[in-house]
Amino acid sequence: MALPGFNLPGLGIRSTSTPQVTGTSAPDVEQPSRREELAPQSEWRFEAGFIQSYSVRLVSGHAELFGVELAQNQTHNLSGLKGAVFTWQGCELEVIGEAESEYSAQETEYATEWINLHGMLESARDGASEGPRVLVVGPDSTGKSSMVRSLAAWAVRQGRAPTVVHLDPREGLLAPPSSLTAVTIVSQMEVDGWGISPMTGPSLQPVRSPLVYHFPYATPSERPNAFKAIVTRSALTTLNKLEEDPLAKQSGIIIDTPGGLNDPKSNYDMIHHIISEFSINLVVALGSERLYNDLNRRYTSKSPEDAIAVLKLAKPGGAVERDNAYMKQLRARQVRQYFFGSKESLNPHSHSIPTNDLTIYRAKPASSDAALPSFGAEDEDDYDPAATSTSSSNTMYEKVAPSLAMTGALIAIKFCSSNSEEATIRDSAIMGYLYVADVDEARKKVRFLAPHPQRWGDRALVWGTWPEAAADLVR
Ligand SMILES: Nc1ncnc2c1ncn2[C@@H]1O[C@H](COP(=O)(O)OP(=O)(O)OP(=O)(O)O)[C@@H](O)[C@H]1O
């Protein structure tokens, strides 16, 4: 059966494998530039703002940004990014523009740990029909996403096709925030992102069609059971998909998680759920001794055939916190790039639709039913992914008439019909997103921006509480 794909016109993903020019650009205006010599196994750490132009060019030697190699003499725009250009053998960089912070660092033991882990995963892949299934957990800002990206990039460089599962709704992967994405990476990624983070130009086709689910809340703890149900569905579909693709199956899965799952009070309920649904066989705990010890105790005490390896790795010295203001800008940029592409190269299509022709479900804020035995707040024992609660008042969605309050919101188009049951709507993958450009209450019309000219037919539309409205997408 063909699996649903996701429309990503703004994200540098194309339906053909025609190679494009790599994601590079020259800085717009004359910027101060300087040369930096990096010693072997050191890195250039930077925190670049969204407004100022900031880019690097590899002049000589070899360097990579979280596993993705920099090509020599190409300028990579890094504005709005925080990260590190790392070199194993030493290199010379040209740095152009101003960053909020930048320095070269020698304390990079984390890179050796990560490459050793990569070597371990490669050994597990060699000759196996089914590759390793790795879950990366840890508190916020401990380098989880950077490590997942590095492991995936190194695997691709060795001809593998790893599947990355991204379970953090705060930040999109190949999709706007509120997306939970599973994607098999088949060719090298952008130096400066997966395809949605700040990119500076057209790109090689980096991935196959991602499978995207919609979790319109900032953290899984707002709707734990909905999150678990979506994880269950995503795991089923992802694992089925791997059965059709021997290379992807052999390459294995790497799962990135939000820091909020590191929650001893819940007895790590959601981590256990992911481990069980994806049949994880290696857990990497980053930056938390306690988490490592708790998981290690639980999983290594099992019988040898059921044992799950748990590894502890330190937080990289360069990993930094990203404050609310930064994350808000990042989300706005991800939403904008979905519709307009990097460098504003796309024109979204406008659809003006009578309100009577629309069926829109509002994903209710979790706080709105806090006093009730909520859809997302039961004990683990009560958890039933097939459960639906349309008959009670504590539903996750409610049908709403379009109103001015929707202006600027993202609307997910689900792969299910508009009159589906709540659990079906919740668990359906999504075709893509619409942006509410304008609601004309007097003329009873809503104007949407969509990446495609085609209408979406009779699909359930979901207006989430997350991310926040992007007010300035159209003027
Ligand atoms: N070695 C490094 N040098 C400089 N910056 C780094 C380094 N490692 C990670 N970072 C940056 O630190 C920030 C936090 O890292 P990352 O996103 O990988 O952590 P995380 O654990 O996934 O965080 P969260 O759980 O909040 O999503 C990111 O902006 C990342 O690019």
# chains A, B, ... in the order shown; residues from 1 in each chain; ligands from 1
$ select_by_dssp --residues "segment 152-392 of chain A" --states "strand (DSSP E)" --output "mmCIF file with C-alpha atoms, in the first residue's frame"
data_model
loop_
_atom_site.group_PDB
_atom_site.id
_atom_site.type_symbol
_atom_site.label_atom_id
_atom_site.label_comp_id
_atom_site.auth_asym_id
_atom_site.auth_seq_id
_atom_site.Cartn_x
_atom_site.Cartn_y
_atom_site.Cartn_z
ATOM 1 C CA THR A 163 15.221 6.756 9.389
ATOM 2 C CA VAL A 164 15.036 9.730 11.698
ATOM 3 C CA VAL A 165 11.968 10.121 13.880
ATOM 4 C CA HIS A 166 11.511 13.549 15.381
ATOM 5 C CA SER A 179 4.772 18.218 13.360
ATOM 6 C CA LEU A 180 6.065 14.840 14.464
ATOM 7 C CA THR A 181 8.079 13.584 11.523
ATOM 8 C CA ALA A 182 9.504 10.244 10.428
ATOM 9 C CA VAL A 183 11.748 10.332 7.400
ATOM 10 C CA THR A 184 14.265 8.072 5.749
ATOM 11 C CA LEU A 211 5.524 10.922 7.151
ATOM 12 C CA VAL A 212 4.181 13.723 9.302
ATOM 13 C CA TYR A 213 1.723 13.633 12.197
ATOM 14 C CA HIS A 214 0.208 16.598 13.945
ATOM 15 C CA ILE A 253 16.028 4.194 13.244
ATOM 16 C CA ILE A 254 17.248 7.139 15.308
ATOM 17 C CA ILE A 255 14.660 8.928 17.431
ATOM 18 C CA ASP A 256 14.983 12.455 18.784
ATOM 19 C CA LEU A 282 19.619 1.095 22.313
ATOM 20 C CA VAL A 283 18.828 4.096 24.503
ATOM 21 C CA VAL A 284 21.309 6.966 24.639
ATOM 22 C CA ALA A 285 20.882 9.193 27.686
ATOM 23 C CA LEU A 286 22.530 12.549 27.140
ATOM 24 C CA ALA A 309 21.368 -1.354 26.024
ATOM 25 C CA VAL A 310 21.501 2.013 27.764
ATOM 26 C CA LEU A 311 24.422 4.332 27.105
ATOM 27 C CA LYS A 312 25.374 7.489 28.949
ATOM 28 C CA LEU A 313 26.978 10.368 27.087
ATOM 29 C CA HIS A 349 -1.481 29.758 -3.700
ATOM 30 C CA SER A 350 -4.464 31.603 -2.387
ATOM 31 C CA HIS A 351 -7.783 29.760 -1.816
ATOM 32 C CA SER A 352 -10.856 31.726 -0.932
ATOM 33 C CA ILE A 353 -13.474 29.380 0.475
ATOM 34 C CA PRO A 354 -17.025 29.986 1.741
ATOM 35 C CA ILE A 360 -12.622 22.914 10.992
ATOM 36 C CA TYR A 361 -11.721 21.246 14.258
ATOM 37 C CA ARG A 362 -10.097 23.251 16.995
ATOM 38 C CA ALA A 363 -7.535 21.338 19.081
#
$ residues_around --residues "Phe227 of chain A" --least-positions-apart "6" --cutoff "12 Å" --atoms "only C-alpha atoms" --output "MDAnalysis selection string"
chainID A and resid 167:169 178:180 213:221 233:234 257:258 261 269:271 273:274 375:377 383:385 396 423 426:427
$ write_last_selection --atoms "C-alpha atoms" --output "compact mmCIF listing (two decimals), in the first residue's frame"
# COMPACT_ATOMS: atom_id res chain seq x y z
CA LEU A 167 9.11 13.70 18.32
CA ASP A 168 9.54 17.30 19.45
CA PRO A 169 6.58 19.51 18.52
CA SER A 178 3.65 20.90 15.82
CA SER A 179 4.77 18.22 13.36
CA LEU A 180 6.07 14.84 14.46
CA TYR A 213 1.72 13.63 12.20
CA HIS A 214 0.21 16.60 13.95
CA PHE A 215 0.56 17.22 17.66
CA PRO A 216 -0.63 20.79 18.13
CA TYR A 217 0.71 21.33 21.65
CA ALA A 218 4.09 22.57 22.82
CA THR A 219 4.85 19.57 25.00
CA PRO A 220 3.70 15.96 25.10
CA SER A 221 2.70 16.40 28.76
CA ARG A 233 0.57 5.13 14.88
CA SER A 234 3.83 6.61 13.71
CA THR A 257 12.82 13.42 21.74
CA PRO A 258 11.91 16.59 23.62
CA LEU A 261 10.15 13.31 28.46
CA ASP A 269 6.07 6.83 31.11
CA MET A 270 6.45 8.28 27.62
CA ILE A 271 10.02 7.11 27.17
CA HIS A 273 6.02 3.92 25.51
CA ILE A 274 8.35 4.94 22.68
CA PHE A 375 -8.47 12.44 27.25
CA GLY A 376 -4.80 12.85 27.91
CA ALA A 377 -4.44 12.41 31.63
CA TYR A 383 -4.34 3.98 28.07
CA ASP A 384 -6.04 2.79 24.92
CA PRO A 385 -4.81 4.23 21.62
CA MET A 396 -9.55 16.93 22.26
CA ALA A 423 -9.40 9.18 17.29
CA ARG A 426 -5.99 12.57 15.93
CA ASP A 427 -4.05 9.64 14.49
$ atom_distance --atom1 "atom CA of Leu236 of chain A" --atom2 "atom CA of Ser276 of chain A"
11.4 Å
$ closest_atom_pairs --of "chain A" --to "ligand 1" --cutoff "6 Å" --atoms "only C-alpha atoms and all ligand atoms" --output "JSON lines"
{"residue": "A:Arg45", "atom": "CA", "partner": "ligand 1", "partner_atom_place_in_ligand_line": "4 (C)", "distance": 4.6}
{"residue": "A:Lys82", "atom": "CA", "partner": "ligand 1", "partner_atom_place_in_ligand_line": "29 (O)", "distance": 4.3}
{"residue": "A:Gly83", "atom": "CA", "partner": "ligand 1", "partner_atom_place_in_ligand_line": "5 (N)", "distance": 3.4}
{"residue": "A:Ala84", "atom": "CA", "partner": "ligand 1", "partner_atom_place_in_ligand_line": "3 (N)", "distance": 4.3}
{"residue": "A:Asp140", "atom": "CA", "partner": "ligand 1", "partner_atom_place_in_ligand_line": "25 (O)", "distance": 3.5}
{"residue": "A:Ser141", "atom": "CA", "partner": "ligand 1", "partner_atom_place_in_ligand_line": "23 (O)", "distance": 3.4}
{"residue": "A:Thr142", "atom": "CA", "partner": "ligand 1", "partner_atom_place_in_ligand_line": "21 (O)", "distance": 3.8}
{"residue": "A:Gly143", "atom": "CA", "partner": "ligand 1", "partner_atom_place_in_ligand_line": "18 (O)", "distance": 3.2}
{"residue": "A:Lys144", "atom": "CA", "partner": "ligand 1", "partner_atom_place_in_ligand_line": "22 (O)", "distance": 3.8}
{"residue": "A:Ser145", "atom": "CA", "partner": "ligand 1", "partner_atom_place_in_ligand_line": "22 (O)", "distance": 3.7}
{"residue": "A:Ser146", "atom": "CA", "partner": "ligand 1", "partner_atom_place_in_ligand_line": "18 (O)", "distance": 3.7}
{"residue": "A:Pro258", "atom": "CA", "partner": "ligand 1", "partner_atom_place_in_ligand_line": "25 (O)", "distance": 4.7}
{"residue": "A:Gly259", "atom": "CA", "partner": "ligand 1", "partner_atom_place_in_ligand_line": "25 (O)", "distance": 4.3}
{"residue": "A:Pro316", "atom": "CA", "partner": "ligand 1", "partner_atom_place_in_ligand_line": "1 (N)", "distance": 5.3}
{"residue": "A:Gly318", "atom": "CA", "partner": "ligand 1", "partner_atom_place_in_ligand_line": "3 (N)", "distance": 3.4}
{"residue": "A:Ala319", "atom": "CA", "partner": "ligand 1", "partner_atom_place_in_ligand_line": "12 (O)", "distance": 3.5}
{"residue": "A:Val320", "atom": "CA", "partner": "ligand 1", "partner_atom_place_in_ligand_line": "12 (O)", "distance": 4.1}
{"residue": "A:Glu321", "atom": "CA", "partner": "ligand 1", "partner_atom_place_in_ligand_line": "14 (C)", "distance": 5.7}
$ write_last_selection --atoms "N, CA and C atoms" --output "mmCIF file, in the first residue's frame"
data_model
loop_
_atom_site.group_PDB
_atom_site.id
_atom_site.type_symbol
_atom_site.label_atom_id
_atom_site.label_comp_id
_atom_site.auth_asym_id
_atom_site.auth_seq_id
_atom_site.Cartn_x
_atom_site.Cartn_y
_atom_site.Cartn_z
ATOM 1 N N ARG A 45 32.603 27.541 17.329
ATOM 2 C CA ARG A 45 31.243 27.645 17.874
ATOM 3 C C ARG A 45 30.684 29.034 17.605
ATOM 4 N N LYS A 82 22.634 28.347 15.848
ATOM 5 C CA LYS A 82 23.670 28.197 16.882
ATOM 6 C C LYS A 82 24.275 26.832 16.614
ATOM 7 N N GLY A 83 25.569 26.721 16.661
ATOM 8 C CA GLY A 83 26.151 25.416 16.361
ATOM 9 C C GLY A 83 27.660 25.488 16.341
ATOM 10 N N ALA A 84 28.278 24.490 15.702
ATOM 11 C CA ALA A 84 29.734 24.432 15.671
ATOM 12 C C ALA A 84 30.193 23.776 14.375
ATOM 13 N N ASP A 140 16.510 19.214 28.178
ATOM 14 C CA ASP A 140 16.632 20.208 27.101
ATOM 15 C C ASP A 140 18.088 20.625 26.912
ATOM 16 N N SER A 141 18.414 20.977 25.709
ATOM 17 C CA SER A 141 19.707 21.608 25.364
ATOM 18 C C SER A 141 20.918 20.783 25.766
ATOM 19 N N THR A 142 20.816 19.482 25.625
ATOM 20 C CA THR A 142 21.971 18.643 25.944
ATOM 21 C C THR A 142 22.605 18.084 24.669
ATOM 22 N N GLY A 143 22.145 18.558 23.515
ATOM 23 C CA GLY A 143 22.758 18.150 22.253
ATOM 24 C C GLY A 143 22.083 16.955 21.592
ATOM 25 N N LYS A 144 20.854 16.628 22.007
ATOM 26 C CA LYS A 144 20.168 15.446 21.440
ATOM 27 C C LYS A 144 19.976 15.587 19.928
ATOM 28 N N SER A 145 19.390 16.711 19.516
ATOM 29 C CA SER A 145 19.113 16.875 18.081
ATOM 30 C C SER A 145 20.415 16.922 17.290
ATOM 31 N N SER A 146 21.428 17.560 17.863
ATOM 32 C CA SER A 146 22.710 17.656 17.150
ATOM 33 C C SER A 146 23.306 16.264 16.988
ATOM 34 N N PRO A 258 11.828 15.338 22.869
ATOM 35 C CA PRO A 258 11.910 16.593 23.620
ATOM 36 C C PRO A 258 12.414 16.350 25.044
ATOM 37 N N GLY A 259 13.056 17.354 25.617
ATOM 38 C CA GLY A 259 13.611 17.212 26.962
ATOM 39 C C GLY A 259 12.564 16.898 28.007
ATOM 40 N N PRO A 316 27.629 18.022 25.192
ATOM 41 C CA PRO A 316 28.776 18.715 24.600
ATOM 42 C C PRO A 316 28.940 20.104 25.215
ATOM 43 N N GLY A 318 29.626 22.807 23.982
ATOM 44 C CA GLY A 318 29.099 23.927 23.193
ATOM 45 C C GLY A 318 27.585 24.007 23.166
ATOM 46 N N ALA A 319 26.887 22.975 23.592
ATOM 47 C CA ALA A 319 25.420 22.993 23.496
ATOM 48 C C ALA A 319 24.875 24.110 24.367
ATOM 49 N N VAL A 320 24.021 24.915 23.795
ATOM 50 C CA VAL A 320 23.543 26.110 24.507
ATOM 51 C C VAL A 320 22.020 26.090 24.612
ATOM 52 N N GLU A 321 21.528 26.797 25.602
ATOM 53 C CA GLU A 321 20.079 26.926 25.716
ATOM 54 C C GLU A 321 19.588 27.917 24.679
#
$ select_by_dssp --residues "segment 161-381 of chain A" --states "helix (DSSP H, G or I)" --output "MDAnalysis selection string"
chainID A and resid 220:222 224:243 246:251 259:261 264:266 269:277 289:300 324:340 342:344 355:357 366:369 380:381
$ write_last_selection --atoms "C-alpha atoms" --output "short mmCIF file (atom, residue, chain, number, x, y, z; two decimals), in the first residue's frame"
data_model
loop_
_atom_site.label_atom_id
_atom_site.label_comp_id
_atom_site.auth_asym_id
_atom_site.auth_seq_id
_atom_site.Cartn_x
_atom_site.Cartn_y
_atom_site.Cartn_z
CA PRO A 220 3.70 15.96 25.10
CA SER A 221 2.70 16.40 28.76
CA GLU A 222 -0.17 18.64 27.68
CA PRO A 224 0.06 12.58 27.05
CA ASN A 225 -2.38 10.06 25.71
CA ALA A 226 -2.80 11.81 22.40
CA PHE A 227 0.98 11.94 22.11
CA LYS A 228 1.22 8.24 22.89
CA ALA A 229 -1.48 7.36 20.38
CA ILE A 230 0.37 9.29 17.67
CA VAL A 231 3.65 7.60 18.63
CA THR A 232 1.89 4.25 18.32
CA ARG A 233 0.57 5.13 14.88
CA SER A 234 3.83 6.61 13.71
CA ALA A 235 5.71 3.50 14.87
CA LEU A 236 3.32 1.16 13.09
CA THR A 237 3.54 3.04 9.83
CA THR A 238 7.28 3.65 10.03
CA LEU A 239 8.06 0.01 10.82
CA ASN A 240 5.76 -1.17 8.00
CA LYS A 241 7.47 1.18 5.63
CA LEU A 242 10.87 -0.24 6.58
CA GLU A 243 9.64 -3.72 5.68
CA PRO A 246 15.76 -3.45 2.91
CA LEU A 247 18.39 -0.69 2.94
CA ALA A 248 16.34 1.48 5.29
CA LYS A 249 15.55 -1.51 7.47
CA GLN A 250 19.22 -2.39 7.73
CA SER A 251 20.15 1.23 8.44
CA GLY A 259 13.61 17.21 26.96
CA GLY A 260 10.24 17.12 28.73
CA LEU A 261 10.15 13.31 28.46
CA PRO A 264 11.04 10.89 36.83
CA LYS A 265 7.67 11.80 38.39
CA SER A 266 5.83 10.01 35.60
CA ASP A 269 6.07 6.83 31.11
CA MET A 270 6.45 8.28 27.62
CA ILE A 271 10.02 7.11 27.17
CA HIS A 272 8.86 3.58 27.96
CA HIS A 273 6.02 3.92 25.51
CA ILE A 274 8.35 4.94 22.68
CA ILE A 275 10.78 2.14 23.55
CA SER A 276 8.01 -0.39 23.38
CA GLU A 277 6.26 0.91 20.24
CA GLU A 289 23.21 10.69 35.21
CA ARG A 290 19.91 10.17 36.91
CA LEU A 291 18.02 9.43 33.72
CA TYR A 292 20.76 7.04 32.65
CA ASN A 293 20.71 5.22 35.97
CA ASP A 294 16.93 4.98 36.12
CA LEU A 295 16.69 3.59 32.59
CA ASN A 296 19.68 1.34 32.98
CA ARG A 297 18.21 -0.20 36.11
CA ARG A 298 14.93 -0.85 34.40
CA TYR A 299 16.20 -2.25 31.11
CA THR A 300 19.34 -4.15 31.88
CA ASN A 324 11.91 31.75 24.35
CA ALA A 325 12.56 34.76 22.16
CA TYR A 326 14.96 32.75 19.98
CA MET A 327 12.61 29.77 19.74
CA LYS A 328 9.74 32.05 18.76
CA GLN A 329 11.79 33.50 15.94
CA LEU A 330 12.83 30.03 14.87
CA ARG A 331 9.21 28.87 14.74
CA ALA A 332 8.17 31.92 12.75
CA ARG A 333 10.98 31.24 10.32
CA GLN A 334 10.02 27.58 9.94
CA VAL A 335 6.41 28.50 9.22
CA ARG A 336 7.42 31.15 6.73
CA GLN A 337 9.82 28.83 4.92
CA TYR A 338 7.13 26.20 4.59
CA PHE A 339 5.04 28.56 2.48
CA PHE A 340 7.61 30.80 0.84
CA SER A 342 14.14 29.61 1.60
CA LYS A 343 15.07 32.94 0.05
CA GLU A 344 11.36 33.62 -0.55
CA THR A 355 -17.20 29.24 5.47
CA ASN A 356 -20.11 26.86 4.89
CA ASP A 357 -17.85 24.59 2.85
CA ALA A 366 -5.30 21.04 27.54
CA SER A 367 -6.09 23.55 30.30
CA SER A 368 -9.67 23.80 29.04
CA ASP A 369 -10.46 20.36 30.40
CA GLU A 380 -0.90 4.22 31.88
CA ASP A 381 -3.11 1.25 32.69
#
$ atom_distance --atom1 "atom CA of Asp438 of chain A" --atom2 "atom CA of Ala409 of chain A"
9.9 Å
$ residues_around --residues "Ala105 of chain A" --least-positions-apart "3" --cutoff "9 Å" --atoms "only C-alpha atoms" --output "list in words"
Leu38, Ser42, Glu43, Trp44, Arg45, Thr108, Gly317 and Gly318 of chain A
$ residues_around --residues "Arg125 of chain A" --least-positions-apart "4" --cutoff "8 Å" --atoms "only C-alpha atoms" --output "count of residues only"
8
$ residues_around --residues "Pro32 of chain A" --least-positions-apart "4" --cutoff "9 Å" --atoms "only C-alpha atoms" --output "PyMOL selection string"
chain A and resi 95-98
$ closest_atom_pairs --of "segment 399-438 of chain A" --to "segment 447-460 of chain A" --cutoff "8 Å" --atoms "only C-alpha atoms" --output "tab-separated table"
residue	atom	partner	partner_atom	distance
A:Ile413	CA	A:Ala460	CA	6.2
A:Lys414	CA	A:Ala460	CA	5.4
A:Phe415	CA	A:Arg459	CA	6.4
A:Cys416	CA	A:Arg459	CA	5.4
A:Ser417	CA	A:Arg459	CA	4.3
A:Ser418	CA	A:Ala460	CA	3.8
A:Asn419	CA	A:Ala460	CA	7.1
A:Ser420	CA	A:Ala460	CA	7.5
A:Ile425	CA	A:Ala460	CA	6.9
A:Tyr433	CA	A:Ala450	CA	6.9
A:Leu434	CA	A:Ala450	CA	5.0
A:Tyr435	CA	A:Leu449	CA	5.0
A:Val436	CA	A:Phe448	CA	4.7
A:Ala437	CA	A:Phe448	CA	5.3
A:Asp438	CA	A:Arg447	CA	5.1
$ write_last_selection --atoms "N, CA and C atoms" --output "mmCIF file, in the first residue's frame"
data_model
loop_
_atom_site.group_PDB
_atom_site.id
_atom_site.type_symbol
_atom_site.label_atom_id
_atom_site.label_comp_id
_atom_site.auth_asym_id
_atom_site.auth_seq_id
_atom_site.Cartn_x
_atom_site.Cartn_y
_atom_site.Cartn_z
ATOM 1 N N ILE A 413 -3.996 19.737 7.326
ATOM 2 C CA ILE A 413 -4.951 18.974 6.504
ATOM 3 C C ILE A 413 -4.682 17.492 6.750
ATOM 4 N N LYS A 414 -5.649 16.834 7.341
ATOM 5 C CA LYS A 414 -5.468 15.435 7.708
ATOM 6 C C LYS A 414 -5.814 14.517 6.545
ATOM 7 N N PHE A 415 -5.223 13.336 6.551
ATOM 8 C CA PHE A 415 -5.553 12.335 5.539
ATOM 9 C C PHE A 415 -6.801 11.563 5.945
ATOM 10 N N CYS A 416 -7.823 12.256 6.392
ATOM 11 C CA CYS A 416 -9.062 11.535 6.716
ATOM 12 C C CYS A 416 -10.214 12.479 6.414
ATOM 13 N N SER A 417 -11.388 11.918 6.259
ATOM 14 C CA SER A 417 -12.508 12.754 5.831
ATOM 15 C C SER A 417 -12.987 13.642 6.978
ATOM 16 N N SER A 418 -13.726 14.664 6.599
ATOM 17 C CA SER A 418 -14.079 15.692 7.575
ATOM 18 C C SER A 418 -15.028 15.184 8.660
ATOM 19 N N ASN A 419 -15.717 14.074 8.388
ATOM 20 C CA ASN A 419 -16.647 13.597 9.430
ATOM 21 C C ASN A 419 -16.112 12.392 10.180
ATOM 22 N N SER A 420 -14.778 12.244 10.212
ATOM 23 C CA SER A 420 -14.191 11.089 10.899
ATOM 24 C C SER A 420 -14.353 11.205 12.414
ATOM 25 N N ILE A 425 -9.135 11.285 13.470
ATOM 26 C CA ILE A 425 -8.558 12.592 13.137
ATOM 27 C C ILE A 425 -7.222 12.753 13.857
ATOM 28 N N TYR A 433 -0.005 21.793 5.335
ATOM 29 C CA TYR A 433 -0.611 22.853 6.153
ATOM 30 C C TYR A 433 -1.171 23.960 5.277
ATOM 31 N N LEU A 434 -2.193 24.614 5.851
ATOM 32 C CA LEU A 434 -2.733 25.842 5.274
ATOM 33 C C LEU A 434 -2.408 26.978 6.242
ATOM 34 N N TYR A 435 -2.355 28.173 5.700
ATOM 35 C CA TYR A 435 -2.189 29.351 6.553
ATOM 36 C C TYR A 435 -3.439 30.216 6.392
ATOM 37 N N VAL A 436 -4.015 30.634 7.498
ATOM 38 C CA VAL A 436 -5.222 31.468 7.421
ATOM 39 C C VAL A 436 -4.793 32.920 7.203
ATOM 40 N N ALA A 437 -4.948 33.375 5.965
ATOM 41 C CA ALA A 437 -4.497 34.728 5.634
ATOM 42 C C ALA A 437 -5.537 35.769 6.048
ATOM 43 N N ASP A 438 -6.805 35.375 5.984
ATOM 44 C CA ASP A 438 -7.834 36.387 6.160
ATOM 45 C C ASP A 438 -9.183 35.716 6.421
#
